[in-house]
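Asker: One structure is given below, represented as structure tokens, and several questions about it will come after.
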Amino acid sequence: MSLKKAIGIIVLILLIDQISKIYIKTHFVLGEDVVVFNWFKILFVENEGMAWGTKIPGDYGKIILTGFRICILPLIGYWLYDSVRKHASRILIVAVALIFAGAFGNIIDSIFYGVIFNGSEGEVATFLPEAGGYGTWFHGKVVDMLYFPMWEGYLPEWLPIWGGKYFTFFNAVFNIADTAISVGVGLLLVFNKRAFAKDTPKQEIEEPKTEEL
């Protein structure tokens with residue numbers, strides 16, 4: 001697989017990711033949702049830190065997290081370039097391209113969104129507001145909107161620990177960038193042997209030489 005095709009995957013994922021985030025940010029109030037199906041909703045939330053809403057505590061936690069993401073991105077980029085250069089398997093190249101695109105997409109939010117958008121609490125945010133953004137550089141919040149509550153209800157009383165409690169499966173809210181990372185990692189895990197298979201160069205089969213009498 002060529003580097004041009006890998007870059008094409010990255011650009012496509014970034015476009016879909018950023019267009020969807022900007023649309024949600026400029027059309028939804030924080031916490032607003034739209035029911036698409038009973039098991040799928042568009043729900044606008046913002047994530048200040050890592051996956052599942054976790055974050056590094058302290059005044060510099062966000063800077064540390066964003067800086068870490070920025071440092072990791074070139075390493076993933078080199079992994080992709082090196083994989084293409086060494087003619088690695090298509091699965092590996094696609095997986096790394098997806099992971100790179102997803103990481104890059106969320107980095108864009110973390111670096112720029114605090115400056116180019118105002119807050120979404122109780123109002124729809126505007127792009128490049130005159131009064132300035134809701135934060136500073138590197139303090140942007142990641143926009144999430146994909147929510148799949150496949151089942152909601154009270155668990156049976158006979159279940160230990162969680163019995164009788166209200167439970168939602170699946171309660172994570174994520175975005176296109178997160179999806180790209182998850183799919184990329186999933187490809188590496190499921191197709192591990194094929195992804196990291198070493199290509200054996202094809203040896204030319206020489207025709208047996210016959211001695212002329």
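Identifiers for the structure tokens are assigned positionally: chains receive A, B, ... in sequence, residues are indexed from 1 per chain, and ligands are indexed from 1 in the order shown.
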Report the closest atom pair, with its distance in Å rounded to one decimal, for each residue of region 64-165 of chain A that has an atom no farther than 7 Å from region 17-36 of chain A; count only C-alpha atoms, sort by chain and then rising residue number, and write it as a Markdown table.

Answerer:
```
| residue | atom | partner | partner_atom | distance |
| --- | --- | --- | --- | --- |
| A:Gly105 | CA | A:Asp17 | CA | 6.6 |
| A:Ser120 | CA | A:Leu30 | CA | 5.2 |
| A:Glu121 | CA | A:Leu30 | CA | 5.5 |
| A:Gly122 | CA | A:Val29 | CA | 6.0 |
| A:Glu123 | CA | A:Val29 | CA | 5.3 |
| A:Val124 | CA | A:Val29 | CA | 5.0 |
| A:Ala125 | CA | A:Thr26 | CA | 5.1 |
| A:Thr126 | CA | A:Thr26 | CA | 5.7 |
| A:Val143 | CA | A:Lys21 | CA | 5.9 |
```

Asker: Would you list the contacts of Glu130 (chain A) as an mmCIF file with N, CA and C atoms, in the first residue's frame, taking every protein, DNA or RNA residue within 10 Å and counting only C-alpha atoms, but skipping same-chain residues closer than 3 positions in sequence?

Answerer:
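Contents of the output file selection_3.cif:
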```
data_model
loop_
_atom_site.group_PDB
_atom_site.id
_atom_site.type_symbol
_atom_site.label_atom_id
_atom_site.label_comp_id
_atom_site.auth_asym_id
_atom_site.auth_seq_id
_atom_site.Cartn_x
_atom_site.Cartn_y
_atom_site.Cartn_z
ATOM 1 N N ILE A 116 -10.957 29.146 19.529
ATOM 2 C CA ILE A 116 -11.808 29.480 18.379
ATOM 3 C C ILE A 116 -13.296 29.345 18.661
ATOM 4 N N PHE A 117 -13.667 28.787 19.839
ATOM 5 C CA PHE A 117 -15.085 28.669 20.205
ATOM 6 C C PHE A 117 -15.310 29.254 21.588
ATOM 7 N N ASN A 118 -16.521 29.804 21.797
ATOM 8 C CA ASN A 118 -16.901 30.154 23.158
ATOM 9 C C ASN A 118 -17.617 28.967 23.792
ATOM 10 N N THR A 126 -20.284 29.903 19.084
ATOM 11 C CA THR A 126 -20.003 30.542 17.806
ATOM 12 C C THR A 126 -18.527 30.357 17.463
ATOM 13 N N PHE A 127 -18.260 30.360 16.176
ATOM 14 C CA PHE A 127 -16.893 30.187 15.686
ATOM 15 C C PHE A 127 -16.186 31.537 15.668
ATOM 16 N N GLY A 133 -12.440 32.996 23.044
ATOM 17 C CA GLY A 133 -12.885 31.636 23.324
ATOM 18 C C GLY A 133 -13.084 31.354 24.795
#
```

Asker: For Leu98 (chain A), which residue among A:Asn192, A:Val11, A:Ser83, A:Lys4 is the nearest when counting only C-alpha atoms?

Answerer: A:Val11

Asker: Kindly indicate which residue among A:Glu157, A:Asp109, A:Glu152, A:Asp82 lies nearest to Phe138 (chain A), using only C-alpha atoms for the distances.

Answerer: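 Among the listed residues, A:Asp109 lies closest to Phe138 (chain A).
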
Asker: Near region 6-9 of chain A, counting only C-alpha atoms, which residues have an atom at most 9 Å away, once you skip same-chain residues fewer than 4 positions from it, shown as a list in words?

Answerer: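 Counting only the stated atoms, we get Met1, Ser2, Ile13, Leu14, Leu80, Val84, Ile93, Val94, Val96, Ala97, Leu98 and Ala101 of chain A.
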
Asker: So that I can see what lies close to Tyr147 (chain A), please list as a list in words the residues with an atom at most 8 Å from it, counting only C-alpha atoms and leaving out residues fewer than 6 positions away in the same chain.

Answerer: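 The contact residues come out as Phe40, Lys41, Ile42, Leu43, Phe170, Asn171, Ala172, Val173 and Phe174 of chain A.
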
Asker: Okay, now the selection with C-alpha atoms, as a short mmCIF file (atom, residue, chain, number, x, y, z; two decimals), in the first residue's frame?

Answerer:
```
data_model
loop_
_atom_site.label_atom_id
_atom_site.label_comp_id
_atom_site.auth_asym_id
_atom_site.auth_seq_id
_atom_site.Cartn_x
_atom_site.Cartn_y
_atom_site.Cartn_z
CA PHE A 40 -28.40 5.48 18.92
CA LYS A 41 -28.38 9.16 19.87
CA ILE A 42 -26.43 12.24 18.92
CA LEU A 43 -25.49 13.63 22.33
CA PHE A 170 -23.14 1.01 26.22
CA ASN A 171 -22.82 4.37 28.02
CA ALA A 172 -19.65 5.82 26.45
CA VAL A 173 -19.94 8.95 24.29
CA PHE A 174 -17.24 9.29 21.64
#
```

Asker: Please provide the set of residues having any atom within 10 Å of Gly67 (chain A), restricted to only C-alpha atoms, with same-chain residues fewer than 3 positions apart removed, written as a VMD selection string.

Answerer: chain A and resid 61 to 64 70 to 72 107 110 to 111 138

Asker: I need the residues from that last selection saved to file as a short mmCIF file (atom, residue, chain, number, x, y, z; two decimals), in the first residue's frame (with C-alpha atoms), if you can.

Answerer:
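Resulting contents of again-v1.cif:
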```cif
data_model
loop_
_atom_site.label_atom_id
_atom_site.label_comp_id
_atom_site.auth_asym_id
_atom_site.auth_seq_id
_atom_site.Cartn_x
_atom_site.Cartn_y
_atom_site.Cartn_z
CA GLY A 61 -2.81 18.43 33.85
CA LYS A 62 -4.35 19.50 30.56
CA ILE A 63 -1.04 20.90 29.27
CA ILE A 64 0.75 17.67 30.20
CA ILE A 70 1.78 16.00 20.49
CA CYS A 71 4.97 14.07 21.30
CA ILE A 72 3.37 10.72 20.49
CA ILE A 107 -5.17 16.98 19.26
CA SER A 110 -7.18 20.20 22.54
CA ILE A 111 -4.99 22.87 20.95
CA PHE A 138 -3.80 23.80 24.58
#
```

Asker: How many Å lie between CA of Glu48 (chain A) and CA of Phe104 (chain A), rounded to one decimal?

Answerer: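 About the pair CA of Glu48 (chain A) and CA of Phe104 (chain A): they are 16.1 Å apart.
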
Asker: Just the residues within 8 Å of Val115 (chain A), please, counting only C-alpha atoms, with nothing from its chain fewer than 4 positions along; format it as a list in words.

Answerer: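 Here the qualifying residues turn out to be Leu128, Gly132, Gly133, Tyr134, Gly135, Thr136, Trp137 and Gly140 of chain A.
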
Asker: Print the selection's residues with C-alpha atoms to a file, as a JSON list (two decimals), in the first residue's frame.

Answerer:
```
[["chain", "number", "residue", "atom", "x", "y", "z"],
["A", 128, "LEU", "CA", -14.22, 32.85, 16.36],
["A", 132, "GLY", "CA", -12.70, 35.35, 22.66],
["A", 133, "GLY", "CA", -12.88, 31.64, 23.32],
["A", 134, "TYR", "CA", -13.77, 29.74, 26.47],
["A", 135, "GLY", "CA", -10.14, 28.87, 27.19],
["A", 136, "THR", "CA", -6.57, 29.31, 26.05],
["A", 137, "TRP", "CA", -4.25, 27.50, 23.68],
["A", 140, "GLY", "CA", -9.52, 22.99, 24.47]]
```

Asker: CA of Arg85 (chain A) and CA of Phe196 (chain A), how far apart in Å?

Answerer: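 For CA of Phe196 (chain A) relative to CA of Arg85 (chain A), the distance reads 14.3 Å.
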
Asker: Report, in Å to a single decimal, how far apart CA of Ile10 (chain A) and CA of Pro74 (chain A) are.

Answerer: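 We find that CA of Pro74 (chain A) and CA of Ile10 (chain A) lie 13.9 Å from each other.
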
Asker: Using only C-alpha atoms, which of A:Trp79, A:Met150, A:Trp39, A:Val142 sits nearest Thr168 (chain A)?

Answerer: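 Closest residue, counting only C-alpha atoms: A:Met150.
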
Asker: May I have all residues of chain A that DSSP, computed from the backbone, assigns to strand (DSSP E), given as a list in words?

Answerer: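 So the strand (DSSP E) residues in chain A would be Asp33, Val34, Val35, Val36, Phe37, Phe40, Lys41, Ile42, Leu43, Phe44, Val45, Glu46, Asn47, Val142, Val143, Asp144, Met145, Leu146, Tyr147, Trp151, Glu152, Gly153, Tyr154, Tyr166, Phe167, Thr168, Phe169, Val173 and Phe174 of chain A.
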
Asker: Ranking A:Phe37, A:Pro129, A:His87, A:Leu65 by minimum distance to Pro149 (chain A) and counting only C-alpha atoms, which one comes first?

Answerer: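 Answer, going by the shortest atom-to-atom distance: A:Phe37.
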
Asker: Applying 12 Å and only C-alpha atoms, which residues near Ser182 (chain A) remain after dropping the ones on its own chain fewer than 2 positions away? List them as a ChimeraX atom specification.

Answerer: /A:51,95-103,174-180,184-190

Asker: Taking N, CA and C atoms for each residue, export the selection above as a CSV table (one decimal), in the first residue's frame.

Answerer:
```
chain,number,residue,atom,x,y,z
A,51,ALA,N,-9.7,9.3,27.5
A,51,ALA,CA,-10.9,8.5,27.2
A,51,ALA,C,-11.7,8.2,28.5
A,95,ALA,N,-4.3,0.3,9.7
A,95,ALA,CA,-4.5,0.4,11.1
A,95,ALA,C,-3.7,1.6,11.7
A,96,VAL,N,-2.4,1.7,11.3
A,96,VAL,CA,-1.6,2.8,11.8
A,96,VAL,C,-2.1,4.2,11.3
A,97,ALA,N,-2.6,4.2,10.0
A,97,ALA,CA,-3.1,5.4,9.5
A,97,ALA,C,-4.4,5.9,10.3
A,98,LEU,N,-5.2,4.9,10.6
A,98,LEU,CA,-6.4,5.2,11.4
A,98,LEU,C,-6.1,5.7,12.8
A,99,ILE,N,-5.1,5.1,13.4
A,99,ILE,CA,-4.7,5.6,14.7
A,99,ILE,C,-4.1,7.0,14.7
A,100,PHE,N,-3.3,7.2,13.7
A,100,PHE,CA,-2.7,8.6,13.5
A,100,PHE,C,-3.7,9.6,13.3
A,101,ALA,N,-4.7,9.3,12.4
A,101,ALA,CA,-5.8,10.3,12.1
A,101,ALA,C,-6.6,10.6,13.4
A,102,GLY,N,-6.9,9.5,14.1
A,102,GLY,CA,-7.7,9.7,15.3
A,102,GLY,C,-7.0,10.5,16.4
A,103,ALA,N,-5.7,10.2,16.6
A,103,ALA,CA,-4.9,11.0,17.5
A,103,ALA,C,-4.8,12.5,17.1
A,174,PHE,N,-18.5,9.2,22.3
A,174,PHE,CA,-17.2,9.3,21.6
A,174,PHE,C,-17.4,10.0,20.3
A,175,ASN,N,-16.3,10.1,19.5
A,175,ASN,CA,-16.4,10.9,18.3
A,175,ASN,C,-15.8,10.0,17.2
A,176,ILE,N,-15.7,10.6,16.0
A,176,ILE,CA,-15.1,9.9,14.8
A,176,ILE,C,-13.6,9.6,15.1
A,177,ALA,N,-12.9,10.5,15.7
A,177,ALA,CA,-11.5,10.3,15.9
A,177,ALA,C,-11.3,9.1,16.9
A,178,ASP,N,-12.1,9.0,17.9
A,178,ASP,CA,-12.0,7.9,18.8
A,178,ASP,C,-12.3,6.6,18.1
A,179,THR,N,-13.3,6.6,17.2
A,179,THR,CA,-13.7,5.5,16.4
A,179,THR,C,-12.5,5.0,15.6
A,180,ALA,N,-11.9,5.9,14.9
A,180,ALA,CA,-10.7,5.6,14.1
A,180,ALA,C,-9.6,4.9,14.9
A,184,GLY,N,-8.5,1.0,14.5
A,184,GLY,CA,-7.1,0.7,14.2
A,184,GLY,C,-6.5,-0.2,15.2
A,185,VAL,N,-6.7,0.0,16.5
A,185,VAL,CA,-6.2,-0.9,17.5
A,185,VAL,C,-6.9,-2.3,17.3
A,186,GLY,N,-8.2,-2.3,17.0
A,186,GLY,CA,-8.9,-3.6,16.9
A,186,GLY,C,-8.3,-4.4,15.7
A,187,LEU,N,-8.0,-3.7,14.6
A,187,LEU,CA,-7.4,-4.4,13.5
A,187,LEU,C,-6.1,-5.1,13.9
A,188,LEU,N,-5.3,-4.4,14.7
A,188,LEU,CA,-4.0,-4.9,15.1
A,188,LEU,C,-4.2,-6.1,16.0
A,189,LEU,N,-5.2,-6.1,16.9
A,189,LEU,CA,-5.4,-7.1,17.8
A,189,LEU,C,-6.0,-8.4,17.1
A,190,VAL,N,-7.0,-8.1,16.3
A,190,VAL,CA,-7.7,-9.3,15.7
A,190,VAL,C,-6.9,-9.9,14.6
```
